[in-house]
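Next comes input.txt, with compact mmCIF, C-alpha atoms.
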# COMPACT_ATOMS: atom_id res chain seq x y z
CA MET L 1 142.58 32.49 63.01
CA ILE L 2 141.80 31.19 59.55
CA THR L 3 143.10 32.88 56.39
CA GLN L 4 141.29 35.80 54.78
CA ASP L 5 140.33 33.56 51.88
CA GLN L 6 138.79 30.99 54.23
CA PHE L 7 137.00 33.76 56.09
CA GLU L 8 135.50 35.16 52.89
CA LYS L 9 134.25 31.70 51.94
CA GLU L 10 132.57 31.38 55.33
CA VAL L 11 130.80 34.71 54.81
CA ALA L 12 129.67 33.68 51.33
CA LEU L 13 128.22 30.47 52.75
CA ILE L 14 126.34 32.44 55.41
CA ILE L 15 124.76 34.68 52.78
CA ALA L 16 123.75 31.81 50.52
CA ASN L 17 122.30 29.74 53.34
CA ALA L 18 120.48 32.63 55.00
CA LEU L 19 118.79 33.63 51.75
CA ARG L 20 117.91 30.00 51.03
CA GLU L 21 116.29 29.81 54.45
CA ASP L 22 114.43 33.12 54.18
CA VAL L 23 113.47 33.41 50.51
CA GLY L 24 112.90 29.80 49.46
CA ASP L 25 111.11 29.76 46.09
CA GLY L 26 110.33 33.47 46.25
CA ASP L 27 109.37 36.50 48.28
CA HIS L 28 105.70 36.16 47.41
CA SER L 29 104.66 39.23 49.42
CA SER L 30 106.76 41.44 47.14
CA LEU L 31 106.06 39.45 43.99
CA ALA L 32 102.33 39.82 44.61
CA CYS L 33 102.14 43.61 44.81
CA ILE L 34 105.34 45.20 43.45
CA PRO L 35 106.10 45.17 39.70
CA GLY L 36 109.35 43.52 38.73
CA SER L 37 110.38 46.69 36.93
CA ALA L 38 109.86 48.94 39.98
CA GLN L 39 112.93 50.80 41.24
CA GLY L 40 113.27 52.07 44.80
CA LYS L 41 115.54 53.46 47.47
CA ALA L 42 115.81 52.69 51.18
CA LYS L 43 117.79 53.98 54.14
CA LEU L 44 119.33 52.11 57.06
CA LEU L 45 117.93 54.01 60.05
CA VAL L 46 119.61 53.78 63.45
CA LYS L 47 117.19 53.72 66.40
CA ASP L 48 119.70 53.09 69.17
CA GLU L 49 123.19 54.04 70.38
CA GLY L 50 126.35 52.00 69.99
CA ILE L 51 129.06 50.96 67.55
CA LEU L 52 127.88 50.24 64.01
CA ALA L 53 128.91 46.93 62.45
CA GLY L 54 127.83 44.97 59.39
CA VAL L 55 127.82 47.71 56.75
CA GLU L 56 130.36 45.88 54.61
CA PHE L 57 128.43 42.65 55.09
CA ALA L 58 125.22 44.40 54.00
CA LYS L 59 126.96 45.55 50.81
CA GLN L 60 127.90 41.94 50.08
CA VAL L 61 124.32 40.79 50.64
CA PHE L 62 122.92 43.42 48.28
CA GLN L 63 125.49 42.49 45.64
CA TYR L 64 124.69 38.80 46.02
CA VAL L 65 120.96 39.39 45.64
CA ASP L 66 121.35 41.83 42.75
CA PRO L 67 124.70 43.10 41.37
CA GLU L 68 122.85 46.13 39.98
CA MET L 69 121.96 47.48 43.43
CA LYS L 70 123.93 50.53 44.57
CA THR L 71 124.90 51.36 48.15
CA GLU L 72 125.86 54.83 49.41
CA VAL L 73 127.60 54.50 52.77
CA LEU L 74 127.31 57.46 55.14
CA ILE L 75 128.64 55.79 58.31
CA PRO L 76 131.21 52.97 58.00
CA ASP L 77 131.77 50.01 60.26
CA GLY L 78 133.30 50.76 63.65
CA MET L 79 131.87 54.24 64.05
CA PRO L 80 129.67 55.32 66.99
CA VAL L 81 126.02 55.93 66.07
CA LYS L 82 123.01 57.47 67.79
CA TYR L 83 119.24 57.49 67.36
CA GLY L 84 118.23 59.07 64.06
CA ASP L 85 121.49 58.47 62.18
CA ILE L 86 121.33 57.11 58.64
CA ALA L 87 124.07 54.56 58.00
CA PHE L 88 123.55 54.09 54.27
CA TYR L 89 121.18 54.29 51.33
CA VAL L 90 120.56 51.39 48.96
CA SER L 91 118.87 51.77 45.59
CA GLY L 92 117.78 49.41 42.85
CA SER L 93 115.03 46.88 42.26
CA SER L 94 112.35 47.33 44.93
CA GLN L 95 111.71 43.59 45.01
CA ASN L 96 115.39 42.84 45.55
CA ILE L 97 115.83 45.44 48.28
CA LEU L 98 113.00 43.73 50.18
CA LYS L 99 114.47 40.30 49.50
CA ALA L 100 117.74 41.34 51.18
CA GLU L 101 116.17 43.40 53.97
CA ARG L 102 115.75 40.84 56.74
CA LEU L 103 119.18 39.25 56.36
CA VAL L 104 120.82 42.67 56.40
CA LEU L 105 118.93 43.78 59.49
CA ASN L 106 119.32 40.53 61.43
CA ALA L 107 123.07 40.50 60.80
CA MET L 108 123.69 44.19 61.41
CA GLN L 109 121.65 44.33 64.62
CA ARG L 110 123.61 41.44 66.14
CA MET L 111 126.99 42.50 64.75
CA SER L 112 126.49 46.04 66.07
CA ALA L 113 125.58 44.68 69.50
CA ILE L 114 128.74 42.58 69.60
CA ALA L 115 130.91 45.45 68.36
CA THR L 116 129.37 47.73 70.98
CA LYS L 117 130.05 45.32 73.85
CA THR L 118 133.57 44.60 72.60
CA ASN L 119 134.32 48.30 72.34
CA PHE L 120 133.11 48.80 75.92
CA PHE L 121 135.53 46.11 77.14
CA VAL L 122 138.36 47.59 75.05
CA THR L 123 137.73 50.94 76.72
CA LEU L 124 137.95 49.32 80.15
CA LEU L 125 141.39 47.94 79.21
CA GLU L 126 142.85 51.24 78.00
CA GLY L 127 146.29 51.93 79.44
CA THR L 128 147.10 48.23 79.98
CA GLN L 129 148.92 45.79 77.70
CA THR L 130 145.99 43.38 77.75
CA LYS L 131 143.84 42.64 74.70
CA ILE L 132 140.32 41.24 74.67
CA LEU L 133 139.62 37.96 72.85
CA ASP L 134 136.41 36.30 71.74
CA THR L 135 135.71 32.55 72.06
CA ARG L 136 133.89 29.75 70.22
CA LYS L 137 130.73 30.58 72.18
CA THR L 138 129.06 31.88 69.05
CA THR L 139 125.72 31.40 67.31
CA PRO L 140 125.88 28.22 65.18
CA GLY L 141 126.11 29.05 61.50
CA ILE L 142 127.14 32.72 61.77
CA ARG L 143 130.44 32.52 63.65
CA ALA L 144 132.28 34.44 60.94
CA LEU L 145 129.94 37.42 61.32
CA GLU L 146 130.22 37.46 65.11
CA LYS L 147 134.01 37.27 65.06
CA TRP L 148 134.06 39.96 62.37
CA ALA L 149 132.02 42.16 64.70
CA VAL L 150 134.51 41.62 67.54
CA LYS L 151 137.28 42.91 65.27
CA ILE L 152 135.16 45.91 64.28
CA GLY L 153 134.67 46.67 67.98
CA GLY L 154 138.44 46.72 68.57
CA GLY L 155 138.88 43.22 69.99
CA GLU L 156 140.93 40.31 68.69
CA ASN L 157 139.88 36.90 67.47
CA HIS L 158 140.79 33.70 69.29
CA ARG L 159 140.92 30.52 67.20
CA PHE L 160 138.12 30.35 64.66
CA ALA L 161 137.23 26.71 65.22
CA LEU L 162 138.57 23.36 66.37
CA TYR L 163 140.76 22.97 63.29
CA ASP L 164 142.96 26.09 63.31
CA MET L 165 144.57 25.86 66.77
CA ILE L 166 145.27 23.28 69.47
CA MET L 167 143.65 24.10 72.81
CA LEU L 168 144.21 21.55 75.56
CA LYS L 169 141.55 22.16 78.20
CA ASP L 170 140.74 20.32 81.40
CA ASN L 171 138.86 17.45 79.74
CA HIS L 172 141.61 16.89 77.15
CA ILE L 173 144.19 16.82 79.93
CA ASP L 174 142.20 14.44 82.12
CA PHE L 175 141.37 12.08 79.26
CA ALA L 176 145.01 12.09 78.10
CA GLY L 177 146.34 11.20 81.56
CA GLY L 178 147.77 14.55 82.63
CA ILE L 179 149.27 17.76 81.31
CA THR L 180 152.67 16.44 80.25
CA LYS L 181 151.19 13.45 78.45
CA ALA L 182 148.64 15.66 76.70
CA ILE L 183 151.36 18.02 75.45
CA GLU L 184 153.66 15.18 74.37
CA LYS L 185 150.87 13.40 72.50
CA THR L 186 149.85 16.66 70.84
CA GLN L 187 153.35 17.45 69.66
CA GLN L 188 153.72 13.93 68.29
CA TYR L 189 150.37 14.22 66.52
CA LEU L 190 151.38 17.51 64.91
CA LYS L 191 154.67 16.03 63.78
CA GLU L 192 153.08 12.93 62.28
CA SER L 193 150.26 14.82 60.60
CA LYS L 194 152.63 17.56 59.36
CA ARG L 195 150.46 20.30 60.80
CA GLU L 196 151.72 23.60 62.15
CA LEU L 197 149.20 24.64 64.80
CA LYS L 198 149.81 26.77 67.87
CA ILE L 199 149.26 25.06 71.22
CA ILE L 200 147.36 26.63 74.12
CA VAL L 201 147.20 24.73 77.41
CA GLU L 202 144.75 25.43 80.21
CA ALA L 203 145.98 25.57 83.80
CA ARG L 204 143.65 25.20 86.79
CA ASN L 205 146.20 26.15 89.44
CA LEU L 206 149.80 27.29 89.93
CA GLY L 207 151.05 23.71 90.11
CA GLU L 208 149.72 23.07 86.62
CA VAL L 209 151.37 26.26 85.37
CA GLU L 210 154.71 24.97 86.64
CA GLU L 211 154.14 21.62 84.94
CA ILE L 212 153.22 23.24 81.61
CA LEU L 213 156.42 25.27 81.72
CA GLN L 214 158.45 22.04 81.80
CA SER L 215 157.40 21.41 78.18
CA ASN L 216 158.62 23.37 75.18
CA GLY L 217 156.47 24.57 72.31
CA VAL L 218 153.49 25.92 74.24
CA TYR L 219 152.27 29.15 72.64
CA ARG L 220 149.99 30.39 75.42
CA ILE L 221 148.89 29.33 78.90
CA LEU L 222 145.22 29.81 79.75
CA LEU L 223 144.73 30.73 83.40
CA ASP L 224 141.22 29.48 84.04
CA ASN L 225 139.26 30.83 87.02
CA PHE L 226 142.38 32.11 88.81
CA ASP L 227 141.92 34.82 91.43
CA TYR L 228 143.93 38.05 91.24
CA SER L 229 146.72 36.87 93.51
CA ASP L 230 147.33 33.60 91.68
CA THR L 231 147.11 35.37 88.33
CA GLN L 232 149.92 37.71 89.38
CA LYS L 233 151.99 34.76 90.59
CA ALA L 234 151.36 32.86 87.36
CA VAL L 235 152.39 35.81 85.21
CA ALA L 236 155.61 36.12 87.20
CA LEU L 237 156.30 32.37 86.87
CA ILE L 238 155.68 32.37 83.12
CA GLY L 239 157.68 35.50 82.38
CA ASP L 240 158.50 35.63 78.67
CA GLN L 241 158.40 31.85 78.15
CA CYS L 242 154.99 32.12 76.48
CA LEU L 243 151.90 34.29 76.32
CA THR L 244 149.23 34.40 79.02
CA GLU L 245 145.43 34.46 78.89
CA SER L 246 142.89 34.84 81.67
CA SER L 247 139.34 33.49 81.41
CA GLY L 248 136.43 32.31 83.51
CA GLY L 249 133.67 34.57 84.79
CA ILE L 250 135.50 37.82 84.08
CA ASN L 251 133.09 40.73 83.67
CA GLU L 252 133.09 44.54 83.45
CA GLN L 253 133.65 44.83 87.19
CA THR L 254 136.71 42.55 87.25
CA ILE L 255 138.31 42.81 83.82
CA ARG L 256 140.50 45.80 84.67
CA LYS L 257 141.96 44.13 87.77
CA TYR L 258 142.84 41.01 85.79
CA ALA L 259 144.49 43.14 83.12
CA GLU L 260 146.55 44.89 85.80
CA CYS L 261 147.91 41.47 86.79
CA GLY L 262 149.88 41.61 83.56
CA VAL L 263 148.19 39.01 81.36
CA ASP L 264 148.50 39.40 77.59
CA TYR L 265 144.90 38.45 76.84
CA ILE L 266 141.51 38.13 78.48
CA SER L 267 138.95 35.95 76.69
CA SER L 268 135.24 36.49 77.15
CA GLY L 269 132.39 34.42 75.79
CA ALA L 270 130.03 37.22 76.80
CA LEU L 271 131.18 39.26 73.80
CA THR L 272 129.12 36.99 71.56
CA HIS L 273 126.71 35.03 73.75
CA SER L 274 125.27 37.80 75.93
CA VAL L 275 124.36 40.86 73.87
CA HIS L 276 121.22 42.88 73.21
CA ASN L 277 120.66 43.68 69.53
CA LEU L 278 120.91 47.28 68.40
CA ASP L 279 117.64 48.58 66.97
CA LEU L 280 118.00 49.24 63.23
CA SER L 281 115.42 49.59 60.45
CA LEU L 282 115.47 49.63 56.66
CA LYS L 283 112.94 52.22 55.50
CA ALA L 284 111.77 53.12 52.00
CA VAL L 285 112.47 56.72 50.96

For the structure just supplied, provide its representation as structure tokens.
Amino acid sequence: MITQDQFEKEVALIIANALREDVGDGDHSSLACIPGSAQGKAKLLVKDEGILAGVEFAKQVFQYVDPEMKTEVLIPDGMPVKYGDIAFYVSGSSQNILKAERLVLNAMQRMSAIATKTNFFVTLLEGTQTKILDTRKTTPGIRALEKWAVKIGGGENHRFALYDMIMLKDNHIDFAGGITKAIEKTQQYLKESKRELKIIVEARNLGEVEEILQSNGVYRILLDNFDYSDTQKAVALIGDQCLTESSGGINEQTIRKYAECGVDYISSGALTHSVHNLDLSLKAV
């Protein structure tokens, strides 16, 4: 993953761009009927059940819109919530609370959905050594928020983007002329460019696992669309030579069995691309 400093810059960009998109040259609905001097207070009302995520992001949004706004957090990120809970209160300029409202709700509803699904998968893996990973199958423009939500839900982040890790998948391997050539070319590229990036290589069968193991410097082997039997065999073959990751159509019915095969990680795009937003509202008090 990227550094904390890089991550914070990504979040700042999301806030600036989202407000540019939503507010434009002004929130004319509020400007038309609410005096600029008016002060107000609102509550974040939970109308669903799940794991809450995005509270810290909401605080950043309020501060960006108006540093004078104050937030009183009652339920922090990562906590279970139910219908009727109040997550926080925000007070300050009524116009500015309304200016921030939609961004806060859109982000928190999606982040909470992702955290809830991640937490469910983490629960299914309890008692095993396997950890759940997200993927790059995220919503364009808000990847940092979605990966943040995965962490809040108890999961771990895979690479953030194409630039912070090498991942040699089937198309890279085929275009490069095979697994060994792809790894050799990658290692040469990293040496010449003076980059220190971890290398993950995808295997489509046990034969490819054996070929990957002939090369040094591979950080993790991705076992793509392996069945249970071949996953167990692959884990035994790999031993402690590098880490292992399973992926490909793994769901809540199968994730536990794959974990029991002994893999270190299971990656799931569904954590971010297949969720149903939690119902949250920001209500004046």

Find the spatial neighbours of range 218-233 of chain L, counting all atoms listed in the file, within a cut-off of 6 Å - ignore same-chain residues fewer than 2 positions away - and output them as a PDB file with C-alpha atoms, keeping the file's coordinate frame.
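Result file is out23.pdb:
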ATOM      1  CA  LYS L 198     149.810  26.770  67.870  1.00  0.00           C
ATOM      2  CA  ILE L 199     149.260  25.060  71.220  1.00  0.00           C
ATOM      3  CA  ILE L 200     147.360  26.630  74.120  1.00  0.00           C
ATOM      4  CA  VAL L 201     147.200  24.730  77.410  1.00  0.00           C
ATOM      5  CA  GLU L 202     144.750  25.430  80.210  1.00  0.00           C
ATOM      6  CA  ALA L 203     145.980  25.570  83.800  1.00  0.00           C
ATOM      7  CA  ARG L 204     143.650  25.200  86.790  1.00  0.00           C
ATOM      8  CA  ASN L 216     158.620  23.370  75.180  1.00  0.00           C
ATOM      9  CA  VAL L 235     152.390  35.810  85.210  1.00  0.00           C
ATOM     10  CA  ALA L 236     155.610  36.120  87.200  1.00  0.00           C
ATOM     11  CA  CYS L 242     154.990  32.120  76.480  1.00  0.00           C
ATOM     12  CA  LEU L 243     151.900  34.290  76.320  1.00  0.00           C
ATOM     13  CA  THR L 244     149.230  34.400  79.020  1.00  0.00           C
ATOM     14  CA  GLU L 245     145.430  34.460  78.890  1.00  0.00           C
ATOM     15  CA  SER L 246     142.890  34.840  81.670  1.00  0.00           C
ATOM     16  CA  SER L 247     139.340  33.490  81.410  1.00  0.00           C
ATOM     17  CA  GLY L 248     136.430  32.310  83.510  1.00  0.00           C
ATOM     18  CA  CYS L 261     147.910  41.470  86.790  1.00  0.00           C
TER      19      CYS L 261
END

In file coordinates, which residues lie within 12 Å of (142.5, 41.5, 81.4) using all atoms listed in the file, given as a VMD selection string? chain L and resid 121 to 133 223 226 228 231 to 232 244 to 268

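Using all atoms listed in the file for every distance, the candidate list L:Ala234, L:Ile51, L:Asp164, L:Val46 yields L:Val46 as the residue closest to Phe88 in chain L.
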
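If you look at CA of Asn119 in chain L and CA of Asp85 in chain L, they are 19.3 Å away from each other.
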
Leaving out Leu162 in chain L and any residue of its chain fewer than 3 positions from it, which residues lie within 12 Å of it when counting all atoms listed in the file, given as JSON, numbers by chain? {"L": [1, 2, 135, 136, 158, 159, 165, 166, 167, 168, 197, 198, 199]}

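Reported to one decimal place, the separation of CA of Gln241 in chain L from CA of Glu210 in chain L is 11.5 Å.
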